Amino acid sequence: MAAWTAKRFWKQATAVACDGGFTVRLDERPVKTPAKTPLVVPTYALAEAIAAEWDAQQGLVNPDTMPTTRMANSALDKVAPQFAEVADMLASYGGTDLLCYRAESPRELVARQADAWGPLLDWLAESHDAPLQATAGVMHIPQPEPSLARLAARVHGFSPFELAAVHDLVAISGSLVLALAVTDGRLAPEEAWTLSRLDESWQIELWGEDESAAESEAVRRDAFLHAARFYGLCR
């Protein structure tokens, strides 16, 4: 972005209203994305969060510490120009959703998945009129076409900013159902994350936790929870 300079030059970052929504100014200079698109976001709360990330920069600008800014950039530079393709890709998860593919054994894990995931498939069938079938094993099973069509319509109904957040919710968890449960308020983000890691938690209970794997999981968890926060800021 025009403000993506190596070193801080501004005294204050401020969220302000602008044509089409809200933006962030570094002193009097409006922020732009890396593709030079004006950074115009849908809510004042989102602009405030972005401004806070800019104000937190000291000396050299570190984009790694600015996840809200980076996701807003992605919404404008990547999602918006190819919205249909991104929405189609995310909707396709409905055909291979994590919650539909269950363990064949041991019995305790099978029961844990059924108890945790079954109610969410029931919720999806009732709230979105999109029943999905569950199976044991990894062999693909076709899902009802009307259900997939309704899920696709729901995904295409998101705004580009919302879809940027939904992308991470789906891609990180492997589940469109869990992502929709978060966006619809059916699950708290932390609960959805926990439900997405049932298999991994089972393995940890059996064999213990690997330190490097735990570090990777922590990064993914933070990204998942940030995506949920970003979604909330868009509304």
# chains A, B, ... in the order shown; residues from 1 in each chain; ligands from 1

$ residues_around --residues "A:Leu198" --least-positions-apart "5" --cutoff "10 Å" --atoms "only C-alpha atoms" --output "ChimeraX atom specification"
/A:109,112-113,116-117,193,203-204

$ write_last_selection --atoms "N, CA and C atoms" --output "PDB file, in the first residue's frame"
ATOM      1  N   LEU A 109     -13.970 -42.891  20.019  1.00  0.00           N
ATOM      2  CA  LEU A 109     -13.837 -41.758  19.107  1.00  0.00           C
ATOM      3  C   LEU A 109     -15.065 -41.640  18.218  1.00  0.00           C
ATOM      4  N   ARG A 112     -17.633 -39.981  20.258  1.00  0.00           N
ATOM      5  CA  ARG A 112     -17.309 -38.571  20.499  1.00  0.00           C
ATOM      6  C   ARG A 112     -17.647 -37.728  19.273  1.00  0.00           C
ATOM      7  N   GLN A 113     -17.300 -38.199  18.089  1.00  0.00           N
ATOM      8  CA  GLN A 113     -17.627 -37.457  16.871  1.00  0.00           C
ATOM      9  C   GLN A 113     -19.131 -37.354  16.669  1.00  0.00           C
ATOM     10  N   ALA A 116     -20.585 -34.804  19.120  1.00  0.00           N
ATOM     11  CA  ALA A 116     -20.154 -33.422  18.905  1.00  0.00           C
ATOM     12  C   ALA A 116     -20.601 -32.874  17.555  1.00  0.00           C
ATOM     13  N   TRP A 117     -20.515 -33.700  16.523  1.00  0.00           N
ATOM     14  CA  TRP A 117     -20.780 -33.232  15.165  1.00  0.00           C
ATOM     15  C   TRP A 117     -22.216 -33.447  14.701  1.00  0.00           C
ATOM     16  N   TRP A 193     -13.443 -24.090  16.941  1.00  0.00           N
ATOM     17  CA  TRP A 193     -12.057 -24.549  16.787  1.00  0.00           C
ATOM     18  C   TRP A 193     -11.858 -25.891  17.474  1.00  0.00           C
ATOM     19  N   GLN A 203      -5.747 -38.054  19.458  1.00  0.00           N
ATOM     20  CA  GLN A 203      -4.377 -38.557  19.321  1.00  0.00           C
ATOM     21  C   GLN A 203      -3.485 -38.050  20.446  1.00  0.00           C
ATOM     22  N   ILE A 204      -3.688 -36.806  20.835  1.00  0.00           N
ATOM     23  CA  ILE A 204      -2.884 -36.243  21.927  1.00  0.00           C
ATOM     24  C   ILE A 204      -3.179 -36.972  23.232  1.00  0.00           C
TER      25      ILE A 204
END

$ residues_around --residues "A:Gly94" --least-positions-apart "2" --cutoff "9 Å" --atoms "only C-alpha atoms" --output "list of chain:residue names"
A:Leu90, A:Ala91, A:Ser92, A:Thr96, A:Asp97, A:Leu98, A:Leu132, A:Gln143, A:Ser147, A:Leu148, A:Leu151, A:Ala152, A:Ser175, A:Leu176, A:Val177

$ write_last_selection --atoms "N, CA, C and O atoms" --output "PDB file, in the first residue's frame"
ATOM      1  N   LEU A  90     -15.151 -22.168  -1.731  1.00  0.00           N
ATOM      2  CA  LEU A  90     -15.537 -22.388  -0.338  1.00  0.00           C
ATOM      3  C   LEU A  90     -16.819 -23.210  -0.242  1.00  0.00           C
ATOM      4  O   LEU A  90     -16.945 -24.083   0.624  1.00  0.00           O
ATOM      5  N   ALA A  91     -17.766 -22.942  -1.124  1.00  0.00           N
ATOM      6  CA  ALA A  91     -19.011 -23.712  -1.122  1.00  0.00           C
ATOM      7  C   ALA A  91     -18.752 -25.184  -1.397  1.00  0.00           C
ATOM      8  O   ALA A  91     -19.482 -26.059  -0.906  1.00  0.00           O
ATOM      9  N   SER A  92     -17.702 -25.491  -2.166  1.00  0.00           N
ATOM     10  CA  SER A  92     -17.411 -26.883  -2.511  1.00  0.00           C
ATOM     11  C   SER A  92     -17.054 -27.715  -1.289  1.00  0.00           C
ATOM     12  O   SER A  92     -17.148 -28.946  -1.318  1.00  0.00           O
ATOM     13  N   THR A  96     -17.516 -32.174   0.876  1.00  0.00           N
ATOM     14  CA  THR A  96     -16.495 -33.014   1.525  1.00  0.00           C
ATOM     15  C   THR A  96     -16.247 -32.550   2.955  1.00  0.00           C
ATOM     16  O   THR A  96     -15.122 -32.598   3.441  1.00  0.00           O
ATOM     17  N   ASP A  97     -17.278 -32.089   3.619  1.00  0.00           N
ATOM     18  CA  ASP A  97     -17.117 -31.439   4.921  1.00  0.00           C
ATOM     19  C   ASP A  97     -16.534 -32.380   5.963  1.00  0.00           C
ATOM     20  O   ASP A  97     -16.900 -33.555   6.048  1.00  0.00           O
ATOM     21  N   LEU A  98     -15.643 -31.838   6.776  1.00  0.00           N
ATOM     22  CA  LEU A  98     -15.013 -32.599   7.856  1.00  0.00           C
ATOM     23  C   LEU A  98     -16.037 -33.337   8.708  1.00  0.00           C
ATOM     24  O   LEU A  98     -15.829 -34.498   9.088  1.00  0.00           O
ATOM     25  N   LEU A 132     -26.974 -32.876   5.197  1.00  0.00           N
ATOM     26  CA  LEU A 132     -25.803 -33.562   4.659  1.00  0.00           C
ATOM     27  C   LEU A 132     -25.708 -34.939   5.308  1.00  0.00           C
ATOM     28  O   LEU A 132     -26.090 -35.126   6.459  1.00  0.00           O
ATOM     29  N   GLN A 143     -23.302 -35.736  -1.792  1.00  0.00           N
ATOM     30  CA  GLN A 143     -24.274 -35.057  -0.943  1.00  0.00           C
ATOM     31  C   GLN A 143     -25.465 -34.597  -1.791  1.00  0.00           C
ATOM     32  O   GLN A 143     -25.338 -34.419  -2.999  1.00  0.00           O
ATOM     33  N   SER A 147     -29.094 -29.488  -1.234  1.00  0.00           N
ATOM     34  CA  SER A 147     -28.369 -28.990  -0.066  1.00  0.00           C
ATOM     35  C   SER A 147     -27.138 -28.197  -0.487  1.00  0.00           C
ATOM     36  O   SER A 147     -26.864 -27.107   0.040  1.00  0.00           O
ATOM     37  N   LEU A 148     -26.387 -28.738  -1.430  1.00  0.00           N
ATOM     38  CA  LEU A 148     -25.189 -28.046  -1.906  1.00  0.00           C
ATOM     39  C   LEU A 148     -25.545 -26.719  -2.561  1.00  0.00           C
ATOM     40  O   LEU A 148     -24.832 -25.721  -2.404  1.00  0.00           O
ATOM     41  N   LEU A 151     -26.307 -24.211   0.208  1.00  0.00           N
ATOM     42  CA  LEU A 151     -25.076 -23.781   0.860  1.00  0.00           C
ATOM     43  C   LEU A 151     -24.298 -22.815  -0.037  1.00  0.00           C
ATOM     44  O   LEU A 151     -23.741 -21.820   0.446  1.00  0.00           O
ATOM     45  N   ALA A 152     -24.277 -23.102  -1.322  1.00  0.00           N
ATOM     46  CA  ALA A 152     -23.583 -22.205  -2.252  1.00  0.00           C
ATOM     47  C   ALA A 152     -24.240 -20.829  -2.269  1.00  0.00           C
ATOM     48  O   ALA A 152     -23.555 -19.796  -2.290  1.00  0.00           O
ATOM     49  N   SER A 175     -14.063 -27.243   7.374  1.00  0.00           N
ATOM     50  CA  SER A 175     -15.503 -27.446   7.511  1.00  0.00           C
ATOM     51  C   SER A 175     -16.284 -26.185   7.187  1.00  0.00           C
ATOM     52  O   SER A 175     -16.165 -25.168   7.889  1.00  0.00           O
ATOM     53  N   LEU A 176     -17.104 -26.258   6.147  1.00  0.00           N
ATOM     54  CA  LEU A 176     -18.040 -25.180   5.868  1.00  0.00           C
ATOM     55  C   LEU A 176     -19.113 -25.112   6.945  1.00  0.00           C
ATOM     56  O   LEU A 176     -19.577 -24.033   7.310  1.00  0.00           O
ATOM     57  N   VAL A 177     -19.510 -26.268   7.468  1.00  0.00           N
ATOM     58  CA  VAL A 177     -20.543 -26.301   8.502  1.00  0.00           C
ATOM     59  C   VAL A 177     -20.090 -25.534   9.738  1.00  0.00           C
ATOM     60  O   VAL A 177     -20.838 -24.718  10.296  1.00  0.00           O
TER      61      VAL A 177
END

$ closest_residue --among "A:Tyr44, A:Ala49, A:Arg154, A:Leu178" --to "A:Ala130" --atoms "only C-alpha atoms"
A:Arg154

$ select_by_dssp --residues "stretch 106-222 of chain A" --states "alpha helix (DSSP H)" --output "ChimeraX atom specification"
/A:107-128,145-156,160-173,176-183,189-196,198-207,211-222

$ closest_residue --among "A:Gly232, A:Gly59, A:Gly174, A:Pro160" --to "A:Val86" --atoms "only C-alpha atoms"
A:Pro160

$ residues_around --residues "A:Ala164" --least-positions-apart "4" --cutoff "10 Å" --atoms "only C-alpha atoms" --output "CSV table (one decimal) with C-alpha atoms, in the first residue's frame"
chain,number,residue,atom,x,y,z
A,71,MET,CA,-7.2,-9.4,5.7
A,72,ALA,CA,-8.8,-6.2,4.6
A,73,ASN,CA,-6.2,-5.9,1.9
A,74,SER,CA,-7.0,-9.5,0.8
A,75,ALA,CA,-10.7,-8.7,0.7
A,76,LEU,CA,-10.1,-5.7,-1.7
A,78,LYS,CA,-7.9,-10.7,-4.0
A,79,VAL,CA,-11.5,-11.6,-3.0
A,80,ALA,CA,-13.4,-8.8,-4.6
A,83,PHE,CA,-15.6,-13.2,-5.8
A,86,VAL,CA,-13.6,-17.8,-4.2
A,87,ALA,CA,-17.2,-18.3,-3.2
A,158,PHE,CA,-21.5,-12.8,1.9
A,159,SER,CA,-19.8,-9.5,1.2
A,160,PRO,CA,-16.2,-9.6,0.0
A,168,ASP,CA,-9.9,-18.7,6.7
A,169,LEU,CA,-12.7,-20.2,8.9
A,227,ALA,CA,-11.0,-14.6,11.2
A,230,PHE,CA,-12.7,-9.9,11.6
A,231,TYR,CA,-16.1,-11.3,10.5

$ atom_distance --atom1 "atom CA of A:Pro42" --atom2 "atom CA of A:Thr68"
13.3 Å

$ closest_residue --among "A:Leu180, A:Ala51, A:Ala45, A:Leu233" --to "A:Ser127" --atoms "only C-alpha atoms"
A:Leu180

$ select_by_dssp --residues "stretch 65-185 of chain A" --states "strand (DSSP E or B)" --output "list in words"
Tyr101, Arg102, Thr135 and Ala136 of chain A
